[in-house]
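*Asks:* Take this structure, written in structure tokens, and hold onto it; I'll ask about it next.
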Amino acid sequence: MSEPAYLDGNAAAGPLSEIFSVDVTTARGHCAHCGDETVVARAHLYPDDHGLVLRCSVCEGVLARVVQTPGRISIDLRGLSWLELDVE
Amino acid sequence: MSTAWRVADVVGARTETPSARTLRLRIPGLNGHLAGQHVDIRLTAPDGYQAVRSYSIASALPGDEFELTVEELVDGEVSPYLVRTLMVGDQLEVRGPVGGWFVWRPGEETPVQLIAGGSGVVPLMSMARAHAAAASAAPFRLLYSVRTPASVYYRDELDQLGRDPSAPLAVSFVYTRETPPGWEGPPGRLSADRLRAATIPADASPTFYICGATAFVETVSAWLVDDGHDPARIRTERYGGIGGTA
């Protein structure tokens, strides 16, 4: 069986929980590349040994990159022009 | 240091199939979980090498315990340990339960169609159990595509849930390689026609939860959209052997 190329954005809930105090996978995001608006959970997730990449499910543009190194987490969110979070 | 990782005690284990095992874990202080959530498990080798994998929760329990069902992947880095080696009394590093999107909450009344490919049944079983525990009147159906009768998870409990008058669950099976005795027709993959016949029709506006391998999830989702289902009501969770150390 070949490995899937990507998972759903909801699988990023664990690593993102280390950065954000709310569940970002249920947030709505706006793709800076194509303008698509949808929940982060519907993005395409490409995990790797050093972090993860979230790509737009419509245009495959990079929405977010998280890179972990010892003692440091770097986050590049330039592909998300906004995020809308539900708060209690 | 991250505070997201916690230590879970392995408080129970049982065999589901020759290649899958259900583990019951306890995280002191945990206050329940949502049906459909997952946890990440981190194993650390003596040389410091770490591997992280996500596993769906199968249970719908209040309190500080939950169950995972793990399918052993040949050449896997984590699943063979969880299925073959880990013992009751051992401990595991766990992050979660997490995920607020691929979840079903008691109180939702819209019809729900669950579609599982193989071990993708795990988070859907959590939803079916939550539905039963809540005595929910929401119509629930499960379409479960599986290779052989021996690879079916939770068969007795699914039969039981199918007969529960307070929260009915209609279960349909598709056997892709081998059928049980007395089964009508040959084994075969799910098709658009079989999918249509075994799922809630579009005019009832069901919410779909589909979990399985990527190809299964994409094929089924595309057929549903072709049949007039609203893509906004289709929620998917692909699984795979990929994962990182994040």
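Letters A, B, ... mark the chains of the structure tokens in the order given; residue numbers begin at 1 per chain; ligand numbers begin at 1, in order shown.
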Please identify all polymer residues within 10 Å of Ser17 of chain A, counting only C-alpha atoms, omitting same-chain residues fewer than 2 positions from it, and present them as a list of chain:residue names.

*Replies:* A:Ala12, A:Ala13, A:Gly14, A:Pro15, A:Ile19, A:Phe20, A:Ser21, A:Val22, A:Asp23, A:Val24, A:Thr25, B:Ser2, B:Thr3, B:Ala4, B:Arg95, B:Gly96, B:Val98, B:Gly99

*Asks:* Taking 2 positions as the minimum chain separation for residues in the same chain, which residues sit within 6 Å of segment 27-33 of chain B when counting only C-alpha atoms? Answer as a compact mmCIF listing (two decimals) with C-alpha atoms, in the first residue's frame.

*Replies:*
# COMPACT_ATOMS: atom_id res chain seq x y z
CA ALA B 8 -1.41 7.73 30.57
CA PRO B 62 -17.17 10.02 30.82
CA GLY B 63 -14.32 10.52 33.26
CA ASP B 64 -10.63 9.89 32.93

*Asks:* Residues of chain A near chain B: apply a cut-off of 10 Å, count only C-alpha atoms, and supply the list as a ChimeraX atom specification.

*Replies:* /A:1-19,22-27,38-42,46-52,66-72

*Asks:* Convert the current residue selection to file output with C-alpha atoms, as an mmCIF file, in the first residue's frame.

*Replies:*
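Output file out.cif is given in full below:
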data_model
loop_
_atom_site.group_PDB
_atom_site.id
_atom_site.type_symbol
_atom_site.label_atom_id
_atom_site.label_comp_id
_atom_site.auth_asym_id
_atom_site.auth_seq_id
_atom_site.Cartn_x
_atom_site.Cartn_y
_atom_site.Cartn_z
ATOM 1 C CA MET A 1 0.000 0.000 0.000
ATOM 2 C CA SER A 2 1.435 3.352 -0.948
ATOM 3 C CA GLU A 3 1.544 6.095 1.649
ATOM 4 C CA PRO A 4 -1.071 8.799 1.380
ATOM 5 C CA ALA A 5 0.310 12.142 0.290
ATOM 6 C CA TYR A 6 -1.536 14.062 2.963
ATOM 7 C CA LEU A 7 -3.944 13.864 5.865
ATOM 8 C CA ASP A 8 -6.786 16.147 6.916
ATOM 9 C CA GLY A 9 -6.054 19.324 8.823
ATOM 10 C CA ASN A 10 -7.886 17.944 11.852
ATOM 11 C CA ALA A 11 -4.944 15.607 12.391
ATOM 12 C CA ALA A 12 -2.875 18.721 13.198
ATOM 13 C CA ALA A 13 -4.934 19.352 16.346
ATOM 14 C CA GLY A 14 -2.251 17.783 18.560
ATOM 15 C CA PRO A 15 0.801 19.751 17.429
ATOM 16 C CA LEU A 16 -1.225 22.977 17.132
ATOM 17 C CA SER A 17 -2.461 22.493 20.719
ATOM 18 C CA GLU A 18 1.120 23.066 21.831
ATOM 19 C CA ILE A 19 1.103 26.534 20.244
ATOM 20 C CA VAL A 22 -7.811 27.136 21.514
ATOM 21 C CA ASP A 23 -8.488 24.435 18.929
ATOM 22 C CA VAL A 24 -7.345 26.092 15.705
ATOM 23 C CA THR A 25 -8.538 23.158 13.559
ATOM 24 C CA THR A 26 -12.139 24.327 14.035
ATOM 25 C CA ALA A 27 -11.254 27.915 13.051
ATOM 26 C CA THR A 38 -13.042 26.941 5.078
ATOM 27 C CA VAL A 39 -12.205 25.345 8.409
ATOM 28 C CA VAL A 40 -8.555 24.504 9.022
ATOM 29 C CA ALA A 41 -9.634 20.875 9.574
ATOM 30 C CA ARG A 42 -10.417 20.663 5.846
ATOM 31 C CA TYR A 46 1.653 17.196 5.284
ATOM 32 C CA PRO A 47 3.434 16.156 8.473
ATOM 33 C CA ASP A 48 7.151 15.486 8.594
ATOM 34 C CA ASP A 49 9.847 14.869 11.139
ATOM 35 C CA HIS A 50 10.410 18.553 11.819
ATOM 36 C CA GLY A 51 6.892 19.915 11.866
ATOM 37 C CA LEU A 52 4.036 20.232 9.452
ATOM 38 C CA VAL A 66 5.290 24.884 11.644
ATOM 39 C CA VAL A 67 8.918 23.934 12.174
ATOM 40 C CA GLN A 68 10.112 22.494 15.448
ATOM 41 C CA THR A 69 13.716 22.457 16.551
ATOM 42 C CA PRO A 70 14.980 21.772 20.054
ATOM 43 C CA GLY A 71 13.707 24.554 22.293
ATOM 44 C CA ARG A 72 12.029 26.487 19.460
#

*Asks:* Identify all residues of chain A in strand (DSSP E or B) (DSSP on the backbone) and supply them as a PyMOL selection string.

*Replies:* chain A and resi 7-8+28-31+37-39+44-48+51-55+62-69+72-76+80-84

*Asks:* Taking 2 positions as the minimum chain separation for residues in the same chain, which residues sit within 9 Å of Cys59 of chain A when counting only C-alpha atoms? Answer as a PDB file with C-alpha atoms, in the first residue's frame.

*Replies:*
ATOM      1  CA  CYS A  31      -6.491  31.294   1.837  1.00  0.00           C
ATOM      2  CA  HIS A  33      -3.552  32.499  -2.534  1.00  0.00           C
ATOM      3  CA  CYS A  34      -7.015  31.665  -3.942  1.00  0.00           C
ATOM      4  CA  ASP A  36     -11.069  29.964  -0.401  1.00  0.00           C
ATOM      5  CA  ARG A  55      -2.001  23.470   2.278  1.00  0.00           C
ATOM      6  CA  CYS A  56      -5.258  24.829   0.848  1.00  0.00           C
ATOM      7  CA  SER A  57      -7.568  21.972  -0.234  1.00  0.00           C
ATOM      8  CA  GLY A  61      -1.046  26.866  -1.733  1.00  0.00           C
ATOM      9  CA  VAL A  62       0.811  26.792   1.589  1.00  0.00           C
TER      10      VAL A  62
END

*Asks:* For the structure I just gave you, how does DSSP split chain A - specifically, which residues are alpha helix (DSSP H)? Reply as an mmCIF file with C-alpha atoms, in the first residue's frame.

*Replies:*
data_model
loop_
_atom_site.group_PDB
_atom_site.id
_atom_site.type_symbol
_atom_site.label_atom_id
_atom_site.label_comp_id
_atom_site.auth_asym_id
_atom_site.auth_seq_id
_atom_site.Cartn_x
_atom_site.Cartn_y
_atom_site.Cartn_z
ATOM 1 C CA ALA A 13 -4.934 19.352 16.346
ATOM 2 C CA GLY A 14 -2.251 17.783 18.560
ATOM 3 C CA PRO A 15 0.801 19.751 17.429
ATOM 4 C CA LEU A 16 -1.225 22.977 17.132
ATOM 5 C CA SER A 17 -2.461 22.493 20.719
#

*Asks:* What's the separation between atom CA of Glu65 of chain B and atom CA of Pro80 of chain B, in Å to one decimal place?

*Replies:*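 For atom CA of Glu65 of chain B relative to atom CA of Pro80 of chain B, the distance reads 22.4 Å.
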
*Asks:* Show me, as a ChimeraX atom specification, the residues that have an atom within 10 Å of Leu73 of chain B when counting only C-alpha atoms, minus same-chain residues fewer than 3 positions from it.

*Replies:* /B:19-20,70,76-80,83,240-241

*Asks:* May I have the residues from that selection written out with C-alpha atoms, as a tab-separated table (two decimals), in the first residue's frame?

*Replies:*
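Output saved as result_8.tsv:
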chain	number	residue	atom	x	y	z
B	19	SER	CA	-3.97	-7.72	13.92
B	20	ALA	CA	-5.77	-5.20	16.14
B	70	VAL	CA	-4.83	0.10	17.07
B	76	GLY	CA	5.21	0.39	11.53
B	77	GLU	CA	7.32	2.21	14.10
B	78	VAL	CA	4.64	2.53	16.76
B	79	SER	CA	1.69	0.20	16.10
B	80	PRO	CA	3.56	-3.14	16.50
B	83	VAL	CA	-0.47	-4.20	19.54
B	240	GLY	CA	-2.13	6.70	7.01
B	241	GLY	CA	1.20	5.51	8.22

*Asks:* Find the spatial neighbours of Ala60 of chain B, counting only C-alpha atoms, within a cut-off of 10 Å - ignore same-chain residues fewer than 4 positions away - and output them as a PyMOL selection string.

*Replies:* chain B and resi 32-36+65-67+123+125-134

*Asks:* Next, dump the selected residues to file, keeping only N, CA and C atoms, as a short mmCIF file (atom, residue, chain, number, x, y, z; two decimals), in the first residue's frame.

*Replies:*
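result38.cif written:
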data_model
loop_
_atom_site.label_atom_id
_atom_site.label_comp_id
_atom_site.auth_asym_id
_atom_site.auth_seq_id
_atom_site.Cartn_x
_atom_site.Cartn_y
_atom_site.Cartn_z
N GLY B 32 -13.47 13.43 30.48
CA GLY B 32 -14.22 12.97 29.32
C GLY B 32 -13.57 13.36 28.00
N HIS B 33 -14.24 12.96 26.91
CA HIS B 33 -13.75 13.28 25.57
C HIS B 33 -14.96 13.35 24.65
N LEU B 34 -14.75 13.93 23.47
CA LEU B 34 -15.81 14.01 22.47
C LEU B 34 -15.70 12.81 21.54
N ALA B 35 -16.85 12.38 21.02
CA ALA B 35 -16.86 11.23 20.10
C ALA B 35 -16.26 11.65 18.77
N GLY B 36 -15.18 10.97 18.38
CA GLY B 36 -14.49 11.29 17.13
C GLY B 36 -13.13 11.92 17.34
N GLU B 65 -11.00 7.86 31.60
CA GLU B 65 -10.54 6.73 30.80
C GLU B 65 -11.09 6.81 29.38
N PHE B 66 -10.35 6.23 28.44
CA PHE B 66 -10.82 6.13 27.06
C PHE B 66 -10.14 4.94 26.43
N GLU B 67 -10.68 4.51 25.28
CA GLU B 67 -10.11 3.36 24.59
C GLU B 67 -9.67 3.74 23.18
N PRO B 123 -13.11 5.89 15.03
CA PRO B 123 -13.77 7.09 15.55
C PRO B 123 -15.28 7.07 15.33
N MET B 125 -17.09 4.38 15.64
CA MET B 125 -17.62 3.57 16.74
C MET B 125 -17.80 4.44 17.98
N SER B 126 -16.88 5.37 18.19
CA SER B 126 -17.03 6.30 19.31
C SER B 126 -18.34 7.08 19.17
N MET B 127 -18.64 7.51 17.93
CA MET B 127 -19.89 8.25 17.70
C MET B 127 -21.10 7.35 17.92
N ALA B 128 -21.04 6.10 17.44
CA ALA B 128 -22.16 5.18 17.62
C ALA B 128 -22.38 4.90 19.10
N ARG B 129 -21.29 4.77 19.84
CA ARG B 129 -21.41 4.53 21.28
C ARG B 129 -21.97 5.75 22.01
N ALA B 130 -21.54 6.95 21.59
CA ALA B 130 -22.06 8.18 22.21
C ALA B 130 -23.55 8.33 21.91
N HIS B 131 -23.91 7.97 20.69
CA HIS B 131 -25.32 8.02 20.27
C HIS B 131 -26.17 7.09 21.14
N ALA B 132 -25.66 5.89 21.38
CA ALA B 132 -26.39 4.92 22.21
C ALA B 132 -26.42 5.39 23.66
N ALA B 133 -25.27 5.88 24.16
CA ALA B 133 -25.21 6.30 25.57
C ALA B 133 -26.17 7.44 25.85
N ALA B 134 -26.38 8.30 24.83
CA ALA B 134 -27.26 9.45 25.00
C ALA B 134 -28.71 9.10 24.68
#

*Asks:* Set the distance at 10 Å and use only C-alpha atoms: which residues neighbour segment 137-145 of chain B once local chain neighbours fewer than 3 positions away are removed? I'd like the list as a PyMOL selection string.

*Replies:* chain B and resi 106-121+124-125+127-128+131-132+134+148+152-153+158+162+165-176+188-190+195+198-200+206-212+216
